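Here's query-v1.txt, which has compact mmCIF, C-alpha atoms and all ligand atoms:
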# COMPACT_ATOMS: atom_id res chain seq x y z
CA MET A 1 -0.95 -5.56 -22.56
CA VAL A 2 0.09 -4.17 -19.21
CA TYR A 3 1.08 -0.71 -18.02
CA LEU A 4 4.76 -0.60 -17.05
CA GLY A 5 6.32 2.00 -14.81
CA CYS A 6 8.30 2.68 -11.69
CA HIS A 7 8.24 4.55 -8.43
CA LEU A 8 8.94 8.26 -8.95
CA SER A 9 9.82 11.09 -6.61
CA SER A 10 6.82 13.39 -6.30
CA THR A 11 8.66 16.62 -5.47
CA LYS A 12 7.94 18.32 -8.80
CA GLY A 13 4.25 17.53 -8.96
CA PHE A 14 1.84 15.23 -10.78
CA TYR A 15 2.22 16.47 -14.34
CA ALA A 16 6.02 16.49 -14.01
CA MET A 17 5.88 12.84 -12.94
CA GLY A 18 3.69 12.09 -15.96
CA GLU A 19 6.28 13.71 -18.21
CA THR A 20 9.14 11.85 -16.55
CA ALA A 21 7.25 8.60 -16.99
CA GLN A 22 6.86 9.23 -20.71
CA GLN A 23 10.54 10.12 -21.04
CA ILE A 24 11.64 6.76 -19.63
CA GLY A 25 9.16 4.70 -21.65
CA ALA A 26 6.69 4.18 -18.82
CA ASP A 27 2.91 4.41 -19.10
CA THR A 28 2.21 4.35 -15.38
CA PHE A 29 4.04 5.25 -12.16
CA GLN A 30 3.80 5.24 -8.40
CA PHE A 31 4.48 8.04 -5.95
CA PHE A 32 4.35 8.63 -2.21
CA THR A 33 1.43 10.78 -1.11
CA ARG A 34 3.79 12.52 1.34
CA ASN A 35 7.16 11.96 2.93
CA PRO A 36 7.34 8.14 3.25
CA ARG A 37 8.26 8.54 6.90
CA GLY A 38 5.03 10.42 7.55
CA GLY A 39 4.55 14.11 8.04
CA LYS A 40 2.47 16.71 6.35
CA ALA A 41 1.54 16.56 2.69
CA LYS A 42 2.04 19.49 0.36
CA PRO A 43 -1.17 21.39 -0.44
CA MET A 44 -3.01 19.78 -3.35
CA ASP A 45 -2.42 21.57 -6.64
CA GLU A 46 -5.73 20.91 -8.38
CA GLN A 47 -4.62 22.28 -11.75
CA ASP A 48 -1.53 20.10 -11.68
CA ALA A 49 -3.69 17.07 -10.85
CA ALA A 50 -6.08 17.94 -13.69
CA LYS A 51 -3.16 18.00 -16.14
CA LEU A 52 -2.17 14.48 -15.11
CA SER A 53 -5.80 13.32 -15.46
CA GLN A 54 -5.72 14.78 -18.97
CA LEU A 55 -2.75 12.57 -19.90
CA GLN A 56 -4.72 9.62 -18.60
CA MET A 57 -7.86 10.53 -20.53
CA GLN A 58 -5.75 10.81 -23.68
CA GLY A 59 -4.60 7.23 -23.09
CA ILE A 60 -0.97 8.27 -22.70
CA LEU A 61 -0.85 6.98 -19.14
CA GLY A 62 -2.79 4.21 -17.44
CA PRO A 63 -3.92 4.24 -13.82
CA VAL A 64 -1.25 5.36 -11.34
CA ILE A 65 -0.62 4.27 -7.76
CA ALA A 66 -0.44 6.63 -4.80
CA HIS A 67 1.48 4.88 -2.03
CA ALA A 68 0.71 5.73 1.60
CA PRO A 69 3.70 6.47 3.84
CA TYR A 70 4.95 3.12 5.12
CA THR A 71 5.19 4.32 8.68
CA ILE A 72 1.45 4.47 9.25
CA ASN A 73 0.17 1.51 11.26
CA PRO A 74 -3.61 1.23 11.45
CA CYS A 75 -3.31 -1.82 13.72
CA SER A 76 -0.83 -0.41 16.22
CA ALA A 77 -1.36 -1.16 19.91
CA GLU A 78 -1.17 2.61 20.56
CA ALA A 79 -4.40 4.56 20.07
CA ARG A 80 -2.40 7.65 19.05
CA THR A 81 -0.58 5.76 16.30
CA ARG A 82 -3.84 4.32 14.99
CA GLU A 83 -5.38 7.78 15.00
CA PHE A 84 -2.44 9.15 13.01
CA ALA A 85 -2.93 6.38 10.44
CA LEU A 86 -6.63 7.23 10.15
CA GLN A 87 -5.96 10.94 9.70
CA THR A 88 -3.29 10.28 7.09
CA MET A 89 -5.48 7.91 5.09
CA GLU A 90 -8.50 10.18 5.30
CA ASP A 91 -6.47 13.19 4.17
CA ASP A 92 -4.76 11.23 1.35
CA LEU A 93 -8.10 9.92 0.08
CA ALA A 94 -9.67 13.39 0.15
CA ARG A 95 -6.75 14.72 -1.90
CA LEU A 96 -6.89 11.82 -4.35
CA GLU A 97 -10.45 12.79 -5.24
CA HIS A 98 -8.71 15.35 -7.47
CA LEU A 99 -7.10 12.42 -9.33
CA PRO A 100 -10.11 10.18 -9.92
CA GLY A 101 -9.77 6.61 -11.13
CA ASN A 102 -6.41 5.82 -9.59
CA TYR A 103 -5.22 3.62 -6.73
CA TYR A 104 -4.22 4.21 -3.11
CA ASN A 105 -1.91 1.44 -1.89
CA PHE A 106 -0.93 0.83 1.72
CA HIS A 107 0.85 -1.75 3.86
CA PRO A 108 -1.88 -3.26 6.05
CA GLY A 109 0.17 -2.88 9.24
CA SER A 110 1.95 -4.74 12.03
CA HIS A 111 0.03 -6.12 14.97
CA VAL A 112 3.06 -5.62 17.26
CA GLY A 113 2.32 -8.62 19.46
CA GLN A 114 -1.45 -8.18 19.76
CA GLY A 115 -2.00 -11.16 17.47
CA THR A 116 -3.07 -11.51 13.86
CA GLN A 117 -6.81 -11.52 14.57
CA ILE A 118 -6.77 -8.26 16.50
CA GLY A 119 -4.56 -6.76 13.79
CA ILE A 120 -6.98 -7.77 11.05
CA ARG A 121 -9.92 -6.40 13.00
CA LEU A 122 -8.22 -3.03 13.60
CA ILE A 123 -7.21 -2.68 9.93
CA ALA A 124 -10.77 -3.38 8.79
CA GLU A 125 -12.11 -0.91 11.38
CA ALA A 126 -9.76 1.76 10.03
CA LEU A 127 -10.95 1.12 6.47
CA ASN A 128 -14.57 1.23 7.57
CA THR A 129 -13.88 4.60 9.18
CA VAL A 130 -12.18 6.23 6.19
CA LEU A 131 -14.12 4.67 3.30
CA THR A 132 -17.48 5.93 2.18
CA GLN A 133 -19.81 4.48 -0.46
CA GLN A 134 -18.85 7.27 -2.83
CA GLY A 135 -15.29 8.00 -3.82
CA ASN A 136 -13.23 7.61 -6.95
CA THR A 137 -10.16 5.88 -5.56
CA VAL A 138 -9.80 2.14 -5.07
CA VAL A 139 -7.75 1.31 -1.98
CA LEU A 140 -5.23 -1.50 -2.33
CA LEU A 141 -3.90 -3.77 0.39
CA GLU A 142 -0.32 -4.68 -0.48
CA THR A 143 0.76 -8.31 -0.17
CA MET A 144 3.54 -8.34 2.45
CA ALA A 145 6.59 -10.53 3.10
CA GLY A 146 5.33 -11.35 6.60
CA LYS A 147 8.39 -10.06 8.42
CA GLY A 148 8.02 -9.42 12.13
CA SER A 149 4.34 -9.06 13.02
CA GLU A 150 3.33 -7.79 9.58
CA ILE A 151 -0.24 -8.56 8.52
CA GLY A 152 -0.75 -9.54 4.89
CA GLY A 153 1.97 -12.17 4.47
CA SER A 154 -0.66 -14.65 3.30
CA PHE A 155 -3.57 -14.32 0.90
CA GLU A 156 -5.86 -15.58 3.67
CA GLU A 157 -5.04 -12.60 5.91
CA LEU A 158 -5.83 -10.15 3.13
CA ARG A 159 -9.07 -11.99 2.44
CA GLU A 160 -10.05 -11.68 6.09
CA ILE A 161 -9.54 -7.92 5.96
CA LEU A 162 -11.51 -7.61 2.71
CA ASP A 163 -14.36 -9.65 4.16
CA ARG A 164 -14.78 -7.13 6.96
CA VAL A 165 -14.78 -3.98 4.82
CA GLU A 166 -18.24 -2.62 4.24
CA HIS A 167 -17.69 -0.77 0.96
CA ALA A 168 -16.04 -3.72 -0.77
CA HIS A 169 -16.20 -2.11 -4.21
CA ARG A 170 -13.59 0.41 -3.02
CA MET A 171 -11.05 -2.29 -2.16
CA GLY A 172 -8.45 -4.25 -4.10
CA VAL A 173 -5.03 -5.86 -3.72
CA CYS A 174 -1.58 -4.92 -5.02
CA LEU A 175 0.68 -7.95 -5.45
CA ASP A 176 4.36 -7.27 -4.74
CA THR A 177 6.43 -10.01 -6.37
CA CYS A 178 9.34 -9.65 -3.91
CA HIS A 179 6.97 -9.79 -0.96
CA VAL A 180 4.99 -12.85 -2.05
CA HIS A 181 8.24 -14.64 -2.93
CA ASP A 182 9.72 -13.77 0.46
CA GLY A 183 6.40 -14.77 2.02
CA GLY A 184 6.82 -18.29 0.61
CA TYR A 185 4.80 -18.32 -2.62
CA ASP A 186 6.65 -20.01 -5.49
CA ILE A 187 6.11 -17.53 -8.31
CA VAL A 188 9.34 -18.75 -9.94
CA HIS A 189 8.42 -22.39 -10.56
CA ASP A 190 4.66 -22.38 -10.08
CA LEU A 191 3.21 -19.01 -11.12
CA ASP A 192 0.00 -20.65 -12.31
CA GLY A 193 -0.39 -22.40 -8.97
CA VAL A 194 0.12 -19.16 -7.03
CA LEU A 195 -2.36 -17.26 -9.20
CA THR A 196 -4.89 -20.09 -8.88
CA GLU A 197 -4.43 -19.89 -5.12
CA PHE A 198 -4.87 -16.10 -5.21
CA ASP A 199 -8.03 -16.53 -7.25
CA LYS A 200 -9.42 -19.15 -4.88
CA VAL A 201 -8.66 -17.20 -1.69
CA ILE A 202 -9.14 -13.57 -2.78
CA GLY A 203 -10.36 -13.53 -6.38
CA LEU A 204 -8.28 -12.29 -9.31
CA ASP A 205 -10.85 -9.56 -9.95
CA ARG A 206 -9.55 -7.93 -6.74
CA LEU A 207 -5.99 -7.86 -8.06
CA LYS A 208 -5.64 -4.32 -9.40
CA ALA A 209 -1.90 -3.66 -9.58
CA LEU A 210 1.52 -5.24 -9.15
CA HIS A 211 4.89 -4.21 -7.78
CA ILE A 212 7.47 -6.00 -9.90
CA ASN A 213 10.62 -6.38 -7.82
CA ASP A 214 13.28 -9.05 -7.73
CA SER A 215 14.30 -10.28 -4.28
CA MET A 216 17.67 -10.39 -2.52
CA ASN A 217 16.51 -13.34 -0.47
CA ILE A 218 15.40 -16.93 -0.97
CA ARG A 219 11.74 -17.85 -1.13
CA GLY A 220 10.13 -17.89 2.29
CA ALA A 221 12.86 -15.72 3.89
CA ARG A 222 10.27 -13.20 5.15
CA LYS A 223 12.83 -10.46 4.63
CA ASP A 224 11.53 -7.88 2.08
CA ARG A 225 14.73 -6.69 0.41
CA HIS A 226 14.11 -5.62 -3.18
CA GLU A 227 16.69 -6.37 -5.89
CA LYS A 228 17.16 -5.12 -9.44
CA LEU A 229 15.37 -7.11 -12.14
CA GLY A 230 17.20 -10.32 -12.99
CA GLN A 231 19.75 -9.92 -10.19
CA GLY A 232 17.87 -11.67 -7.40
CA HIS A 233 16.22 -14.96 -6.53
CA ILE A 234 13.20 -14.41 -8.77
CA GLY A 235 15.12 -13.84 -11.99
CA LEU A 236 14.25 -12.22 -15.29
CA ASP A 237 12.56 -15.24 -16.91
CA ALA A 238 10.07 -15.54 -14.05
CA MET A 239 9.42 -11.79 -14.20
CA VAL A 240 8.72 -11.98 -17.94
CA ARG A 241 6.26 -14.82 -17.26
CA ILE A 242 4.53 -12.59 -14.69
CA VAL A 243 4.35 -9.53 -16.94
CA THR A 244 3.03 -11.58 -19.87
CA HIS A 245 0.66 -13.82 -17.89
CA PRO A 246 -2.82 -13.76 -19.49
CA ALA A 247 -4.54 -13.48 -16.10
CA LEU A 248 -2.56 -10.34 -15.21
CA GLN A 249 -3.11 -8.23 -18.31
CA GLY A 250 -4.52 -4.71 -18.16
CA ARG A 251 -2.96 -3.87 -14.80
CA PRO A 252 -0.33 -1.29 -13.85
CA MET A 253 2.98 -2.98 -12.95
CA VAL A 254 5.43 -0.77 -11.14
CA LEU A 255 9.14 -1.25 -10.39
CA GLU A 256 10.37 -0.52 -6.86
CA THR A 257 13.84 -1.87 -7.50
CA PRO A 258 16.95 -0.18 -6.04
CA ASN A 259 17.48 2.19 -8.98
CA GLU A 260 17.74 5.78 -10.03
CA LEU A 261 15.79 6.99 -13.05
CA ASP A 262 18.27 5.66 -15.63
CA GLY A 263 18.18 2.20 -14.03
CA TYR A 264 14.39 2.21 -14.14
CA GLU A 265 14.48 3.28 -17.77
CA GLN A 266 16.77 0.34 -18.59
CA GLU A 267 14.57 -2.15 -16.72
CA ILE A 268 11.42 -0.91 -18.47
CA ARG A 269 13.18 -1.15 -21.85
CA LEU A 270 14.45 -4.64 -20.99
CA LEU A 271 10.95 -5.81 -20.08
CA ARG A 272 9.41 -4.27 -23.19
CA GLU A 273 12.03 -5.96 -25.37
CA ARG A 274 11.34 -9.30 -23.72
CA ILE A 275 7.58 -8.97 -24.13
CA GLY A 276 7.86 -7.74 -27.69
CA GLU A 277 6.75 -4.13 -27.26
CA ASN A 278 9.38 -1.81 -28.66
CA VAL A 279 8.73 1.50 -26.98
FE FE A 301 4.82 -0.89 -0.54
FE FE A 302 5.82 -2.94 -2.83
ZN ZN A 303 9.06 -4.20 -0.06
Any chance you could give the structure as structure tokens?
Ligand code: FE
Ligand code: FE
Ligand code: ZN
Amino acid sequence: MVYLGCHLSSTKGFYAMGETAQQIGADTFQFFTRNPRGGKAKPMDEQDAAKLSQLQMQGILGPVIAHAPYTINPCSAEARTREFALQTMEDDLARLEHLPGNYYNFHPGSHVGQGTQIGIRLIAEALNTVLTQQGNTVVLLETMAGKGSEIGGSFEELREILDRVEHAHRMGVCLDTCHVHDGGYDIVHDLDGVLTEFDKVIGLDRLKALHINDSMNIRGARKDRHEKLGQGHIGLDAMVRIVTHPALQGRPMVLETPNELDGYEQEIRLLRERIGENV
């Protein structure tokens, strides 16, 4: 069994997202910790967070994913930009302590011409600055499509970051199906091979969550354009193999397809029908 859900707008609060998730047949969801283009977060409503935790303790919802704004770049060439990324991550993690047991996902960053090795070093430094031994949130590096100077387009790059992080127990990986496909991994014809490779390079125990998106582009395009389920180059059959794969069970799987709520609801229902869960 897996937890299925989608990205939700966080404007109405945590408990409201939990209710919306239930209404559309989801048992997990993802939300942005603040405006995805950066900016200040709303003050943390601790009671609201506690009500969401309650739904999770009751087993109604599985772990959820807080997504960092995608504009932060912890491996920027500009000290000011790196500092902004640090402050954002630190603040997000402090707030997520009110929602223990969930995930904080971020895009590792773009090295903007400094080179992959410097990028990897700066990302690990940022994580070593914001992560302490204690803390109830596991931080996830998202697998990226490798467009431009993005770090994280290969499992090896993620492994190199993980190797440098001191508090390794606080780290994991979120696999985005569109991104790995666009990054060149053949999850359509050789899912077992890709997962074996992931296990060899990173370790499947580090894989904590998935983004299940179809892709507008061909494998290896390094583009990162999400498509609705079954309407892209990954296809519905491959997605069903992913969602039902024995090695991937127990994890939250979240849609980030170009949809409004009703579209997400349909995709969740479609997946549940195909995997034989009629919720
Ligand atoms: Fe993402
Ligand atoms: Fe994603
Ligand atoms: Zn993407």
Q: Report as number ranges by chain which protein, DNA and RNA residues come within 8 Å of ligand ZN 303 (chain A), using only C-alpha atoms and all ligand atoms.
A: A: 144-145, 176, 178-179, 224-226, 256
What are the closest atom pairs, with distances in Å to one decimal, for each residue of chain A lying within 12 Å of ligand FE 301 (chain A), using all atoms listed in the file, rows by chain and rising residue number, as a Markdown table?
| residue | atom | partner | partner_atom | distance |
| --- | --- | --- | --- | --- |
| A:His7 | CA | A:FE301 | FE | 10.2 |
| A:Gln30 | CA | A:FE301 | FE | 10.0 |
| A:Phe31 | CA | A:FE301 | FE | 10.4 |
| A:Phe32 | CA | A:FE301 | FE | 9.7 |
| A:Pro36 | CA | A:FE301 | FE | 10.1 |
| A:Ile65 | CA | A:FE301 | FE | 10.4 |
| A:Ala66 | CA | A:FE301 | FE | 10.1 |
| A:His67 | CA | A:FE301 | FE | 6.8 |
| A:Ala68 | CA | A:FE301 | FE | 8.1 |
| A:Pro69 | CA | A:FE301 | FE | 8.6 |
| A:Tyr70 | CA | A:FE301 | FE | 6.9 |
| A:Thr71 | CA | A:FE301 | FE | 10.6 |
| A:Ile72 | CA | A:FE301 | FE | 11.7 |
| A:Tyr104 | CA | A:FE301 | FE | 10.7 |
| A:Asn105 | CA | A:FE301 | FE | 7.2 |
| A:Phe106 | CA | A:FE301 | FE | 6.4 |
| A:His107 | CA | A:FE301 | FE | 6.0 |
| A:Pro108 | CA | A:FE301 | FE | 9.7 |
| A:Gly109 | CA | A:FE301 | FE | 11.0 |
| A:Leu140 | CA | A:FE301 | FE | 10.2 |
| A:Leu141 | CA | A:FE301 | FE | 9.2 |
| A:Glu142 | CA | A:FE301 | FE | 6.4 |
| A:Thr143 | CA | A:FE301 | FE | 8.5 |
| A:Met144 | CA | A:FE301 | FE | 8.1 |
| A:Ala145 | CA | A:FE301 | FE | 10.5 |
| A:Gly152 | CA | A:FE301 | FE | 11.6 |
| A:Val173 | CA | A:FE301 | FE | 11.5 |
| A:Cys174 | CA | A:FE301 | FE | 8.8 |
| A:Leu175 | CA | A:FE301 | FE | 9.5 |
| A:Asp176 | CA | A:FE301 | FE | 7.7 |
| A:Thr177 | CA | A:FE301 | FE | 10.9 |
| A:Cys178 | CA | A:FE301 | FE | 10.4 |
| A:His179 | CA | A:FE301 | FE | 9.2 |
| A:Ala209 | CA | A:FE301 | FE | 11.6 |
| A:Leu210 | CA | A:FE301 | FE | 10.2 |
| A:His211 | CA | A:FE301 | FE | 8.0 |
| A:Ile212 | CA | A:FE301 | FE | 11.0 |
| A:Asn213 | CA | A:FE301 | FE | 10.8 |
| A:Asp224 | CA | A:FE301 | FE | 10.0 |
| A:Arg225 | CA | A:FE301 | FE | 11.5 |
| A:His226 | CA | A:FE301 | FE | 10.8 |
| A:Val254 | CA | A:FE301 | FE | 10.6 |
| A:Leu255 | CA | A:FE301 | FE | 10.8 |
| A:Glu256 | CA | A:FE301 | FE | 8.4 |
| A:Thr257 | CA | A:FE301 | FE | 11.4 |
Q) Of the candidates A:Ala21, A:Leu99, A:Ala168, A:Met253, which shows the shortest atom-to-atom distance to Gln54 (chain A), using all atoms listed in the file? A) A:Leu99
Q: Between A:Asp237, A:Val180, A:Glu166, A:Tyr264, single out the one closest to ligand FE 302 (chain A), counting all atoms listed in the file.
A: A:Val180
For the point (4.2, 15.3, -20.4) in file coordinates, what residues are within 10 Å, counting all atoms listed in the file? Give the answer as a JSON list (two decimals) with C-alpha atoms, keeping the file's coordinate frame?
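point29.json was written with the following content:
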[["chain", "number", "residue", "atom", "x", "y", "z"],
["A", 14, "PHE", "CA", 1.84, 15.23, -10.78],
["A", 15, "TYR", "CA", 2.22, 16.47, -14.34],
["A", 16, "ALA", "CA", 6.02, 16.49, -14.01],
["A", 17, "MET", "CA", 5.88, 12.84, -12.94],
["A", 18, "GLY", "CA", 3.69, 12.09, -15.96],
["A", 19, "GLU", "CA", 6.28, 13.71, -18.21],
["A", 20, "THR", "CA", 9.14, 11.85, -16.55],
["A", 21, "ALA", "CA", 7.25, 8.60, -16.99],
["A", 22, "GLN", "CA", 6.86, 9.23, -20.71],
["A", 23, "GLN", "CA", 10.54, 10.12, -21.04],
["A", 51, "LYS", "CA", -3.16, 18.00, -16.14],
["A", 52, "LEU", "CA", -2.17, 14.48, -15.11],
["A", 55, "LEU", "CA", -2.75, 12.57, -19.90],
["A", 60, "ILE", "CA", -0.97, 8.27, -22.70],
["A", 61, "LEU", "CA", -0.85, 6.98, -19.14]]
Q: Could you give me, as a ChimeraX atom specification, the residues within 12 Å of Ile123 (chain A), counting all atoms listed in the file and dropping anything in the same chain fewer than 5 positions from it?
A: /A:72-77,82-83,85-86,89,106-111,116-118,128-130,141,150-152,157-158,160-165
Q | Among listed residues A:Arg274, A:His233, A:His98, A:Thr81, nearest Leu122 (chain A) (using all atoms listed in the file) | A |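 Of A:Arg274, A:His233, A:His98, A:Thr81, the one nearest Leu122 (chain A) is A:Thr81, counting all atoms listed in the file.
Ranking A:Gln249, A:Ser215, A:Thr244, A:Gln114 by their shortest atom-to-atom distance to ligand FE 302 (chain A), with all atoms listed in the file included, puts A:Ser215 first.
CA of Gly250 (chain A) to CA of Met1 (chain A) spans 5.7 Å [interatomic distance, one decimal].
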Q | Minimum-distance residue to ligand FE 302 (chain A), chosen among A:Ile275, A:Gly135, A:Cys6, A:Ile24 (using only C-alpha atoms and all ligand atoms) | A |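 Residue with the minimum atom-to-atom distance to ligand FE 302 (chain A): A:Cys6.
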Find the smallest box with edges along x, y and z containing every listed atom of region 203-211 of chain A, then add 4 Å on each side and report centre and edge lengths in Å to one decimal, as JSON.
{"center_x": -3.0, "center_y": -8.6, "center_z": -8.2, "size_x": 23.7, "size_y": 17.9, "size_z": 11.6}
Q.
I need the residue nearest Gly172 (chain A) from this list: A:Asn102, A:Ser149, A:Thr196, A:Gln133. Use only C-alpha atoms for the distance.
A. A:Asn102
(Q) Report, in Å with one decimal, the straight-line distance from CA of Val112 (chain A) to CA of Ala94 (chain A). (A)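 If I compute the distance from CA of Val112 (chain A) to CA of Ala94 (chain A), I get 28.6 Å.
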Q.
One decimal, in Å: what's the spacing between CA of Ile120 (chain A) and CA of Thr132 (chain A)?
A.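 A separation of 19.4 Å between them.
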(Q) If we count all atoms listed in the file and set the cut-off at 8 Å, which residues sit around Arg219 (chain A), ignoring sequence neighbours fewer than 4 positions away in its own chain? Please answer as a count of residues only. (A) 7
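The residue set within 9 Å of Arg251 (chain A), counting only C-alpha atoms and dropping same-chain residues fewer than 5 places from it, reads Met1, Val2, Tyr3, Leu4, Gly62, Pro63, Leu207, Lys208, Ala209 and Leu210 of chain A.
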